[in-house]
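A.B. asks: Contents of upload29.txt (compact mmCIF, C-alpha atoms and all ligand atoms) are given next:
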# COMPACT_ATOMS: atom_id res chain seq x y z
CA ASN A 1 0.00 0.00 0.00
CA ARG A 2 1.84 3.09 -1.23
CA PHE A 3 -0.44 5.36 0.81
CA ASP A 4 0.68 3.73 4.06
CA LEU A 5 2.36 6.19 6.46
CA SER A 6 3.54 3.73 9.12
CA GLY A 7 6.79 4.87 10.72
CA LYS A 8 6.34 8.45 9.51
CA THR A 9 5.95 11.54 11.67
CA ALA A 10 3.54 14.26 10.57
CA LEU A 11 3.05 17.74 12.02
CA VAL A 12 -0.26 19.56 11.42
CA THR A 13 -0.48 23.27 12.29
CA GLY A 14 -3.80 24.67 13.52
CA ALA A 15 -4.92 21.16 14.46
CA SER A 16 -7.37 22.07 17.21
CA GLN A 17 -10.48 22.25 15.02
CA GLY A 18 -11.88 22.25 11.50
CA LEU A 19 -9.89 20.85 8.60
CA GLY A 20 -6.67 20.59 10.62
CA ALA A 21 -8.26 18.19 13.12
CA GLY A 22 -9.56 16.13 10.18
CA PHE A 23 -6.13 16.06 8.50
CA ALA A 24 -4.54 14.88 11.77
CA LYS A 25 -7.03 12.02 12.15
CA THR A 26 -6.63 10.93 8.53
CA LEU A 27 -2.82 10.88 8.79
CA ALA A 28 -3.03 8.91 12.05
CA GLU A 29 -5.42 6.40 10.46
CA ALA A 30 -2.88 5.95 7.64
CA GLY A 31 -0.29 5.01 10.28
CA ALA A 32 1.62 8.26 10.92
CA LYS A 33 2.56 9.52 14.37
CA VAL A 34 0.98 12.96 14.48
CA ALA A 35 2.14 16.15 16.18
CA LEU A 36 -0.98 18.22 16.79
CA ALA A 37 0.18 21.84 16.83
CA ALA A 38 -1.87 24.78 18.11
CA ARG A 39 -1.41 27.94 20.11
CA GLN A 40 -3.31 26.45 23.06
CA THR A 41 -2.45 22.81 23.74
CA GLY A 42 -5.45 22.46 26.07
CA LYS A 43 -7.66 22.44 22.99
CA LEU A 44 -5.81 19.39 21.62
CA GLU A 45 -6.39 16.90 24.44
CA ALA A 46 -9.72 15.55 23.11
CA LEU A 47 -8.30 14.96 19.62
CA LYS A 48 -5.14 13.37 21.06
CA GLY A 49 -7.34 11.04 23.12
CA GLU A 50 -9.46 10.16 20.10
CA ILE A 51 -6.39 9.27 18.00
CA GLU A 52 -4.87 7.22 20.82
CA ALA A 53 -8.14 5.40 21.51
CA ALA A 54 -8.14 4.33 17.86
CA GLY A 55 -4.64 2.86 18.32
CA GLY A 56 -2.68 5.81 16.92
CA THR A 57 0.11 7.99 18.33
CA ALA A 58 -0.27 11.75 18.84
CA ALA A 59 1.44 14.56 20.75
CA ALA A 60 0.01 17.98 21.66
CA ILE A 61 2.52 20.65 20.68
CA ALA A 62 2.38 24.40 21.44
CA MET A 63 3.01 26.45 18.29
CA ASP A 64 2.13 29.92 17.06
CA VAL A 65 3.00 29.86 13.37
CA THR A 66 3.61 33.62 13.28
CA ASP A 67 6.42 33.41 15.86
CA LEU A 68 9.83 32.07 14.83
CA ASP A 69 10.90 31.02 18.36
CA SER A 70 7.62 29.21 18.88
CA VAL A 71 7.96 27.41 15.53
CA ARG A 72 11.50 26.25 16.34
CA ALA A 73 10.52 25.10 19.83
CA ALA A 74 7.58 23.17 18.35
CA PHE A 75 9.83 21.29 15.92
CA ASP A 76 12.28 20.52 18.76
CA ALA A 77 9.44 19.22 20.94
CA THR A 78 8.04 17.11 18.10
CA GLU A 79 11.45 15.65 17.34
CA ALA A 80 11.95 14.74 21.02
CA GLU A 81 8.53 13.07 21.30
CA LEU A 82 7.91 11.57 17.85
CA GLY A 83 11.09 11.87 15.76
CA THR A 84 12.02 14.14 12.84
CA VAL A 85 9.06 15.44 10.87
CA ASP A 86 8.54 13.62 7.55
CA ILE A 87 5.29 15.36 6.63
CA LEU A 88 4.40 18.98 7.41
CA VAL A 89 0.83 20.15 6.83
CA ASN A 90 0.76 23.96 6.88
CA ASN A 91 -2.94 24.27 7.71
CA ALA A 92 -3.22 27.16 10.20
CA GLY A 93 -5.01 30.01 8.50
CA ILE A 94 -7.38 32.88 9.17
CA ALA A 95 -9.66 35.16 7.14
CA VAL A 96 -10.73 38.74 7.75
CA THR A 97 -13.94 39.47 5.83
CA LYS A 98 -14.10 43.22 5.14
CA PRO A 99 -14.52 45.53 2.17
CA PHE A 100 -11.14 46.52 0.76
CA LEU A 101 -11.70 50.20 1.64
CA GLU A 102 -12.20 49.28 5.31
CA MET A 103 -9.26 46.88 5.75
CA SER A 104 -6.91 48.14 8.46
CA VAL A 105 -3.17 47.56 8.48
CA GLU A 106 -3.73 45.26 11.46
CA ASP A 107 -6.31 43.21 9.51
CA TRP A 108 -3.94 42.91 6.58
CA ASP A 109 -0.94 41.96 8.72
CA SER A 110 -2.84 39.36 10.73
CA VAL A 111 -3.97 37.50 7.60
CA LEU A 112 -0.63 37.69 5.76
CA ASP A 113 1.35 36.83 8.92
CA THR A 114 -0.68 33.69 9.60
CA ASN A 115 -1.42 32.42 6.11
CA LEU A 116 1.84 33.32 4.37
CA LYS A 117 4.62 34.10 6.84
CA GLY A 118 3.46 31.18 9.01
CA CYS A 119 3.95 28.78 6.10
CA PHE A 120 7.36 30.31 5.36
CA LEU A 121 8.53 29.91 8.97
CA ALA A 122 7.23 26.36 9.50
CA GLY A 123 8.18 25.34 5.95
CA GLN A 124 11.75 26.58 6.31
CA GLU A 125 12.19 24.95 9.72
CA ALA A 126 10.82 21.62 8.45
CA ALA A 127 12.84 21.78 5.23
CA ARG A 128 16.12 22.50 7.04
CA ARG A 129 15.67 19.42 9.21
CA MET A 130 14.49 17.24 6.31
CA ALA A 131 17.40 18.39 4.13
CA ALA A 132 19.93 17.72 6.91
CA ARG A 133 18.63 14.17 7.28
CA HIS A 134 18.67 13.67 3.49
CA SER A 135 22.31 14.83 3.32
CA GLU A 136 23.18 12.10 5.85
CA GLY A 137 21.67 9.45 3.57
CA GLY A 138 18.19 9.46 5.13
CA GLU A 139 14.83 10.46 3.72
CA GLY A 140 13.81 14.03 2.94
CA GLY A 141 10.13 14.79 3.39
CA SER A 142 6.87 16.21 2.09
CA ILE A 143 5.49 19.68 2.82
CA ILE A 144 1.81 20.31 2.10
CA ASN A 145 0.61 23.91 2.08
CA ILE A 146 -3.14 24.30 2.50
CA ALA A 147 -4.02 26.93 -0.08
CA SER A 148 -7.55 27.54 -1.42
CA VAL A 149 -9.44 28.01 -4.65
CA LEU A 150 -9.32 31.66 -3.53
CA GLY A 151 -5.62 31.59 -4.34
CA GLN A 152 -6.66 31.09 -7.97
CA SER A 153 -9.87 33.16 -8.11
CA VAL A 154 -11.33 36.01 -6.03
CA ILE A 155 -14.56 36.89 -4.25
CA GLY A 156 -15.36 40.21 -2.58
CA HIS A 157 -14.34 41.31 0.91
CA LEU A 158 -11.47 38.83 1.19
CA SER A 159 -8.61 40.76 -0.41
CA GLY A 160 -6.03 39.83 2.22
CA TYR A 161 -7.08 36.19 2.27
CA CYS A 162 -7.11 35.78 -1.54
CA THR A 163 -3.72 37.51 -1.76
CA SER A 164 -2.22 35.31 0.95
CA LYS A 165 -3.37 32.10 -0.75
CA ALA A 166 -2.15 33.16 -4.20
CA ALA A 167 1.22 34.05 -2.68
CA LEU A 168 1.27 30.71 -0.84
CA ILE A 169 1.00 28.92 -4.18
CA GLN A 170 4.02 30.89 -5.45
CA LEU A 171 5.90 30.09 -2.23
CA THR A 172 5.03 26.41 -2.78
CA LYS A 173 6.51 26.48 -6.28
CA SER A 174 9.62 28.40 -5.21
CA MET A 175 10.29 25.97 -2.38
CA ALA A 176 9.69 22.98 -4.66
CA LEU A 177 12.22 24.29 -7.17
CA GLU A 178 14.95 24.85 -4.59
CA LEU A 179 14.32 21.84 -2.38
CA ALA A 180 13.96 19.09 -5.00
CA ARG A 181 17.69 18.34 -4.83
CA VAL A 182 17.61 17.83 -1.07
CA GLY A 183 14.76 15.34 -1.13
CA VAL A 184 12.00 17.67 -0.01
CA ARG A 185 8.76 17.79 -2.00
CA VAL A 186 6.47 20.80 -1.61
CA ASN A 187 2.90 20.85 -2.92
CA ALA A 188 -0.29 22.78 -2.27
CA LEU A 189 -3.68 21.29 -1.51
CA ALA A 190 -6.36 23.76 -2.54
CA PRO A 191 -9.80 23.10 -1.06
CA GLY A 192 -12.93 24.66 -2.49
CA TYR A 193 -15.87 25.33 -0.17
CA ILE A 194 -15.71 22.78 2.61
CA GLU A 195 -18.30 22.68 5.39
CA THR A 196 -16.79 22.95 8.88
CA PRO A 197 -18.35 23.89 12.24
CA ILE A 198 -17.34 27.55 11.92
CA ASN A 199 -18.73 28.20 8.43
CA THR A 200 -21.78 25.93 8.29
CA ASP A 201 -24.18 28.72 9.41
CA PHE A 202 -23.01 30.99 6.58
CA PHE A 203 -23.75 28.35 3.95
CA HIS A 204 -27.39 28.31 5.09
CA THR A 205 -27.84 32.06 4.53
CA PRO A 206 -29.14 33.29 1.12
CA ALA A 207 -25.60 34.40 0.13
CA GLY A 208 -24.22 31.02 1.13
CA GLU A 209 -26.90 29.11 -0.75
CA LYS A 210 -26.22 31.19 -3.87
CA LEU A 211 -22.56 30.30 -3.62
CA VAL A 212 -23.32 26.59 -3.41
CA LYS A 213 -25.45 26.86 -6.57
CA GLY A 214 -22.34 28.13 -8.37
CA ILE A 215 -20.44 24.91 -7.64
CA PRO A 216 -20.84 22.49 -10.59
CA GLN A 217 -21.41 19.53 -8.24
CA ARG A 218 -24.08 21.68 -6.46
CA GLN A 219 -22.87 20.75 -2.99
CA LEU A 220 -20.33 21.72 -0.38
CA GLY A 221 -17.30 19.55 0.22
CA GLN A 222 -16.90 17.68 3.49
CA SER A 223 -13.65 17.41 5.41
CA GLU A 224 -13.19 13.78 4.34
CA ASP A 225 -13.35 14.81 0.67
CA LEU A 226 -9.81 16.15 1.17
CA ASP A 227 -8.47 12.77 2.33
CA GLY A 228 -7.50 11.57 -1.14
CA GLY A 229 -5.46 14.67 -1.95
CA LEU A 230 -3.88 14.73 1.51
CA LEU A 231 -2.81 11.07 1.48
CA LEU A 232 -1.58 11.36 -2.09
CA LEU A 233 0.70 14.31 -1.28
CA ALA A 234 1.81 12.91 2.09
CA SER A 235 2.80 9.49 0.81
CA GLU A 236 5.23 7.78 -1.52
CA ALA A 237 2.42 7.58 -4.08
CA SER A 238 3.33 11.17 -5.06
CA LYS A 239 7.12 10.79 -5.00
CA TYR A 240 7.47 12.33 -8.49
CA MET A 241 5.13 15.26 -7.68
CA THR A 242 6.49 18.59 -6.48
CA GLY A 243 5.43 22.20 -7.00
CA THR A 244 1.86 21.22 -7.92
CA VAL A 245 -1.53 22.38 -6.71
CA VAL A 246 -4.04 19.61 -6.04
CA THR A 247 -7.47 21.23 -6.17
CA VAL A 248 -10.49 19.62 -4.47
CA ASP A 249 -13.48 21.83 -5.23
CA GLY A 250 -16.43 20.04 -6.84
CA GLY A 251 -15.56 21.82 -10.07
CA PHE A 252 -15.72 25.37 -8.63
CA LEU A 253 -12.69 26.65 -10.56
CA VAL A 254 -13.85 25.44 -13.95
CA ALA A 255 -17.31 27.04 -13.66
P1 LIG B 1 -10.55 27.03 11.22
O1 LIG B 1 -10.63 28.46 11.64
O2 LIG B 1 -11.59 26.09 11.75
O3 LIG B 1 -9.12 26.44 11.61
C1 LIG B 1 -7.95 27.18 11.51
C2 LIG B 1 -7.03 26.78 12.65
O4 LIG B 1 -5.81 27.54 12.58
C3 LIG B 1 -7.64 27.06 14.03
O5 LIG B 1 -7.48 25.91 14.83
C4 LIG B 1 -6.83 28.23 14.54
O6 LIG B 1 -6.73 28.26 15.94
C5 LIG B 1 -5.48 27.95 13.88
N1 LIG B 1 -4.61 29.13 13.87
C6 LIG B 1 -4.91 30.41 13.52
N2 LIG B 1 -3.85 31.21 13.69
C7 LIG B 1 -2.84 30.42 14.18
C8 LIG B 1 -1.50 30.66 14.56
N3 LIG B 1 -0.96 31.90 14.53
N4 LIG B 1 -0.75 29.62 14.99
C9 LIG B 1 -1.28 28.37 15.06
N5 LIG B 1 -2.55 28.09 14.73
C10 LIG B 1 -3.32 29.10 14.30
O7 LIG B 1 -10.54 27.00 9.63
P2 LIG B 1 -10.59 25.78 8.58
O8 LIG B 1 -11.75 26.00 7.71
O9 LIG B 1 -10.40 24.48 9.25
O10 LIG B 1 -9.29 26.14 7.71
C11 LIG B 1 -8.07 25.41 7.74
C12 LIG B 1 -7.23 25.83 6.53
O11 LIG B 1 -7.92 25.47 5.34
C13 LIG B 1 -6.95 27.32 6.45
O12 LIG B 1 -5.64 27.55 5.94
C14 LIG B 1 -7.98 27.79 5.44
O13 LIG B 1 -7.60 28.98 4.79
C15 LIG B 1 -8.02 26.60 4.50
N6 LIG B 1 -9.24 26.50 3.69
C16 LIG B 1 -10.45 26.25 4.25
C17 LIG B 1 -11.57 26.13 3.44
C18 LIG B 1 -12.94 25.83 3.98
O14 LIG B 1 -13.90 25.86 3.20
N7 LIG B 1 -13.11 25.52 5.24
C19 LIG B 1 -11.44 26.29 2.06
C20 LIG B 1 -10.19 26.56 1.53
C21 LIG B 1 -9.09 26.65 2.36
If you took the structure in this file and wrote it as C-alpha cells, what would it be?
Ligand code: NAD
C.D. replies:
Amino acid sequence: NRFDLSGKTALVTGASQGLGAGFAKTLAEAGAKVALAARQTGKLEALKGEIEAAGGTAAAIAMDVTDLDSVRAAFDATEAELGTVDILVNNAGIAVTKPFLEMSVEDWDSVLDTNLKGCFLAGQEAARRMAARHSEGGEGGSIINIASVLGQSVIGHLSGYCTSKAALIQLTKSMALELARVGVRVNALAPGYIETPINTDFFHTPAGEKLVKGIPQRQLGQSEDLDGGLLLLASEASKYMTGTVVTVDGGFLVA
C-alpha cells in the first residue's frame, strides 16, 4: 500500500479544530505519528485522546506559526517526542472578511502573517531538518501547504485572504524548485468550499446558498473529501510530484 504512512511523523499546524483536526485524524489512520500543533495545547487533548483510543500515536505541541521562536521550539518538541518530521501540513489560516476600503493595516498583517509568513517559517524549519537528514543518507520529506481556490480566483471582501493564498501557491513552487535536490517535495492542496463547524451557518444564509449553486457539483465539500489529496501528497504515491496544486473543489474553478 503506497499510501501507508507507518513509521512516519507528521506535524499539522492549527490542528485544534476544522480541517486541521480532520487532517490529523486521517494521517493517524494511515499510520503516521501525528504532532498536533496549536497555540493552546489544552484544545488538543480531546483529539489526542481520540487518536490514541483508535490505536494511533499523537502529541500535543504548542506552536504559534507567526512566531519564529515558537515554531523552532515546536519542531524541537516534536522531534523529542515523535522523531524528525517527515510530513508537514501547513494548515493554520485565518480570514478577515471586510470591504477593501475598510481593511486596516492590522487586519492585513494578521492575515498575511498567519497564512503566508506562518507557512514560510514552518516550511523553512521543516525543510532545514528534512534536508539535513537527506544529506546524511536518510529520507527528505513532504510539505503540504493548504491553499484555497481563492488563491486562484477572487470573491469580494477577502482581499487579504485571496492575496495570501495566491502568494502561498508561489511560495510552494519556489520551495519545490529549490528543495527538490535535497529530497524535499512541496505541494499545495487547494480546497474549495468545505463545510466545517465555523462556516456551516453561513452556507445556510441566502448568500451562502447562492454560492453553493455556483459549484458544478451543487454541494459543499466535506472534510473527508480532502483525504484523497492529503494522502496522495503525504505518501510515496506522489514521489514524483512537487510544486503542484491539487485542487479539491467540486468543479468550482472550472465554472
Ligand atoms: P478554522 O478556523 O476552523 O481552523 C484554523 C485553525 O488555525 C484554528 O485551529 C486556529 O486556531 C489555527 N490558527 C490560527 N492562527 C494560528 C496561529 N498563529 N498559529 C497556530 N494556529 C493558528 O478553519 P478551517 O476552515 O479548518 O481552515 C483550515 C485551513 O484550510 C486554512 O488555511 C484555510 O484557509 C483553509 N481553507 C479552508 C476552506 C474551507 O472551506 N473551510 C477552504 C479553503 C481553504
A.B. asks: Taking all atoms listed in the file into account, name the residue in A:Ala10, A:Ile61, A:Leu211, A:Glu195 that is nearest to Ala73 of chain A.
C.D. replies: A:Ile61
A.B. asks: Which distance in Å separates atom CA of Thr41 of chain A and atom C10 of ligand LIG 1 (chain B), to one decimal?
C.D. replies: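 The value is 11.4 Å.
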A.B. asks: Could you give me the axis-aligned bounding box of segment 10-19 of chain A, with 8 Å of padding per side, as centre plus edge lengths in Å to one decimal, as lines of an AutoDock Vina configuration file?
C.D. replies:
center_x = -4.2
center_y = 19.5
center_z = 12.9
size_x = 31.4
size_y = 26.4
size_z = 24.6
A.B. asks: Would you list the residues that come within 8 Å of ligand LIG 1 (chain B)? Count all atoms listed in the file and give the answer as a ChimeraX atom specification.
C.D. replies: /A:13-21,37-39,63-67,90-95,113-115,118,146-150,161,165,190-199,221
A.B. asks: Could you list, as a PyMOL selection string, every residue within 12 Å of segment 151-156 of chain A, counting all atoms listed in the file and ignoring same-chain residues fewer than 3 positions away?
C.D. replies: chain A and resi 96-101+115-116+145-148+159-172+188-192+211+245-247+249+252-255
A.B. asks: Can you write just those residues out, C-alpha atoms, as a short mmCIF file (atom, residue, chain, number, x, y, z; two decimals), in the coordinates of the input?
C.D. replies:
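Produced file result_19.cif, reproduced below:
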data_model
loop_
_atom_site.label_atom_id
_atom_site.label_comp_id
_atom_site.auth_asym_id
_atom_site.auth_seq_id
_atom_site.Cartn_x
_atom_site.Cartn_y
_atom_site.Cartn_z
CA VAL A 96 -10.73 38.74 7.75
CA THR A 97 -13.94 39.47 5.83
CA LYS A 98 -14.10 43.22 5.14
CA PRO A 99 -14.52 45.53 2.17
CA PHE A 100 -11.14 46.52 0.76
CA LEU A 101 -11.70 50.20 1.64
CA ASN A 115 -1.42 32.42 6.11
CA LEU A 116 1.84 33.32 4.37
CA ASN A 145 0.61 23.91 2.08
CA ILE A 146 -3.14 24.30 2.50
CA ALA A 147 -4.02 26.93 -0.08
CA SER A 148 -7.55 27.54 -1.42
CA SER A 159 -8.61 40.76 -0.41
CA GLY A 160 -6.03 39.83 2.22
CA TYR A 161 -7.08 36.19 2.27
CA CYS A 162 -7.11 35.78 -1.54
CA THR A 163 -3.72 37.51 -1.76
CA SER A 164 -2.22 35.31 0.95
CA LYS A 165 -3.37 32.10 -0.75
CA ALA A 166 -2.15 33.16 -4.20
CA ALA A 167 1.22 34.05 -2.68
CA LEU A 168 1.27 30.71 -0.84
CA ILE A 169 1.00 28.92 -4.18
CA GLN A 170 4.02 30.89 -5.45
CA LEU A 171 5.90 30.09 -2.23
CA THR A 172 5.03 26.41 -2.78
CA ALA A 188 -0.29 22.78 -2.27
CA LEU A 189 -3.68 21.29 -1.51
CA ALA A 190 -6.36 23.76 -2.54
CA PRO A 191 -9.80 23.10 -1.06
CA GLY A 192 -12.93 24.66 -2.49
CA LEU A 211 -22.56 30.30 -3.62
CA VAL A 245 -1.53 22.38 -6.71
CA VAL A 246 -4.04 19.61 -6.04
CA THR A 247 -7.47 21.23 -6.17
CA ASP A 249 -13.48 21.83 -5.23
CA PHE A 252 -15.72 25.37 -8.63
CA LEU A 253 -12.69 26.65 -10.56
CA VAL A 254 -13.85 25.44 -13.95
CA ALA A 255 -17.31 27.04 -13.66
#
A.B. asks: So that I can see what lies close to Glu52 of chain A, please list as an NGL selection string the residues with an atom at most 12 Å from it, counting all atoms listed in the file and leaving out residues fewer than 2 positions away in the same chain.
C.D. replies: :A and (24-25 or 28-29 or 31-34 or 45-50 or 54-60)
A.B. asks: Excluding same-chain residues fewer than 3 positions from Leu82 of chain A, what lies within 7 Å of it counting all atoms listed in the file, as a compact mmCIF listing (two decimals) with C-alpha atoms, in the coordinates of the input?
C.D. replies:
# COMPACT_ATOMS: atom_id res chain seq x y z
CA THR A 9 5.95 11.54 11.67
CA LYS A 33 2.56 9.52 14.37
CA THR A 78 8.04 17.11 18.10
CA GLU A 79 11.45 15.65 17.34
A.B. asks: Between atom CA of Gly250 of chain A and atom CA of Leu230 of chain A, what is the distance, to one decimal in Å?
C.D. replies: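 Interatomic distance here is 16.0 Å.
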A.B. asks: Kindly give the distance, in Å, that separates atom CA of Ala122 of chain A and atom CA of Ser6 of chain A, rounded to a single decimal.
C.D. replies: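 Computing it gives 22.9 Å between the two atoms.
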A.B. asks: Just checking: using only C-alpha atoms, which residue out of A:Leu220, A:Val105, A:Ala207, A:Ala30 ends up closest to Ile51 of chain A?
C.D. replies: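 With only C-alpha atoms as the atom set, the closest residue is A:Ala30.
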A.B. asks: Need the shell around Ala176 of chain A: protein/DNA/RNA residues with any atom at most 8 Å away, counting all atoms listed in the file. Skip same-chain ones fewer than 2 positions apart. Format as a PyMOL selection string?
C.D. replies: chain A and resi 172-174+178-180+184-187+242-243
A.B. asks: Find, counting only C-alpha atoms, the residue in A:Gly183, A:Gly228, A:Gly138, A:Gly251 that gets nearest to Lys213 of chain A.
C.D. replies: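 Ranking A:Gly183, A:Gly228, A:Gly138, A:Gly251 by distance to Lys213 of chain A, first place goes to A:Gly251.
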A.B. asks: Would you mind completing segment 57-73 of chain A to N, CA and C atoms and writing the output as a PDB file, keeping the file's coordinate frame?
C.D. replies:
ATOM      1  N   THR A  57      -0.825   7.267  17.466  1.00  0.00           N
ATOM      2  CA  THR A  57       0.110   7.990  18.330  1.00  0.00           C
ATOM      3  C   THR A  57       0.004   9.486  18.008  1.00  0.00           C
ATOM      4  N   ALA A  58      -0.177  10.304  19.051  1.00  0.00           N
ATOM      5  CA  ALA A  58      -0.270  11.750  18.840  1.00  0.00           C
ATOM      6  C   ALA A  58       0.387  12.493  19.989  1.00  0.00           C
ATOM      7  N   ALA A  59       0.872  13.700  19.706  1.00  0.00           N
ATOM      8  CA  ALA A  59       1.440  14.560  20.750  1.00  0.00           C
ATOM      9  C   ALA A  59       0.837  15.952  20.588  1.00  0.00           C
ATOM     10  N   ALA A  60       0.533  16.604  21.694  1.00  0.00           N
ATOM     11  CA  ALA A  60       0.010  17.980  21.660  1.00  0.00           C
ATOM     12  C   ALA A  60       1.195  18.932  21.770  1.00  0.00           C
ATOM     13  N   ILE A  61       1.347  19.789  20.780  1.00  0.00           N
ATOM     14  CA  ILE A  61       2.520  20.650  20.680  1.00  0.00           C
ATOM     15  C   ILE A  61       2.080  22.128  20.622  1.00  0.00           C
ATOM     16  N   ALA A  62       2.696  22.969  21.462  1.00  0.00           N
ATOM     17  CA  ALA A  62       2.380  24.400  21.440  1.00  0.00           C
ATOM     18  C   ALA A  62       3.101  25.064  20.267  1.00  0.00           C
ATOM     19  N   MET A  63       2.371  25.800  19.452  1.00  0.00           N
ATOM     20  CA  MET A  63       3.010  26.450  18.290  1.00  0.00           C
ATOM     21  C   MET A  63       2.138  27.598  17.775  1.00  0.00           C
ATOM     22  N   ASP A  64       2.749  28.782  17.735  1.00  0.00           N
ATOM     23  CA  ASP A  64       2.130  29.920  17.060  1.00  0.00           C
ATOM     24  C   ASP A  64       2.906  30.103  15.768  1.00  0.00           C
ATOM     25  N   VAL A  65       2.259  29.871  14.640  1.00  0.00           N
ATOM     26  CA  VAL A  65       3.000  29.860  13.370  1.00  0.00           C
ATOM     27  C   VAL A  65       3.576  31.214  12.981  1.00  0.00           C
ATOM     28  N   THR A  66       3.109  32.286  13.631  1.00  0.00           N
ATOM     29  CA  THR A  66       3.610  33.620  13.280  1.00  0.00           C
ATOM     30  C   THR A  66       4.889  33.974  14.042  1.00  0.00           C
ATOM     31  N   ASP A  67       5.303  33.095  14.960  1.00  0.00           N
ATOM     32  CA  ASP A  67       6.420  33.410  15.860  1.00  0.00           C
ATOM     33  C   ASP A  67       7.567  32.416  15.658  1.00  0.00           C
ATOM     34  N   LEU A  68       8.695  32.933  15.171  1.00  0.00           N
ATOM     35  CA  LEU A  68       9.830  32.070  14.830  1.00  0.00           C
ATOM     36  C   LEU A  68      10.299  31.202  15.995  1.00  0.00           C
ATOM     37  N   ASP A  69      10.430  31.805  17.202  1.00  0.00           N
ATOM     38  CA  ASP A  69      10.900  31.020  18.360  1.00  0.00           C
ATOM     39  C   ASP A  69       9.926  29.904  18.691  1.00  0.00           C
ATOM     40  N   SER A  70       8.644  30.212  18.595  1.00  0.00           N
ATOM     41  CA  SER A  70       7.620  29.210  18.880  1.00  0.00           C
ATOM     42  C   SER A  70       7.662  28.080  17.861  1.00  0.00           C
ATOM     43  N   VAL A  71       7.888  28.427  16.603  1.00  0.00           N
ATOM     44  CA  VAL A  71       7.960  27.410  15.530  1.00  0.00           C
ATOM     45  C   VAL A  71       9.151  26.483  15.787  1.00  0.00           C
ATOM     46  N   ARG A  72      10.305  27.074  16.086  1.00  0.00           N
ATOM     47  CA  ARG A  72      11.500  26.250  16.340  1.00  0.00           C
ATOM     48  C   ARG A  72      11.297  25.332  17.532  1.00  0.00           C
ATOM     49  N   ALA A  73      10.745  25.896  18.606  1.00  0.00           N
ATOM     50  CA  ALA A  73      10.520  25.100  19.830  1.00  0.00           C
ATOM     51  C   ALA A  73       9.549  23.952  19.523  1.00  0.00           C
TER      52      ALA A  73
END
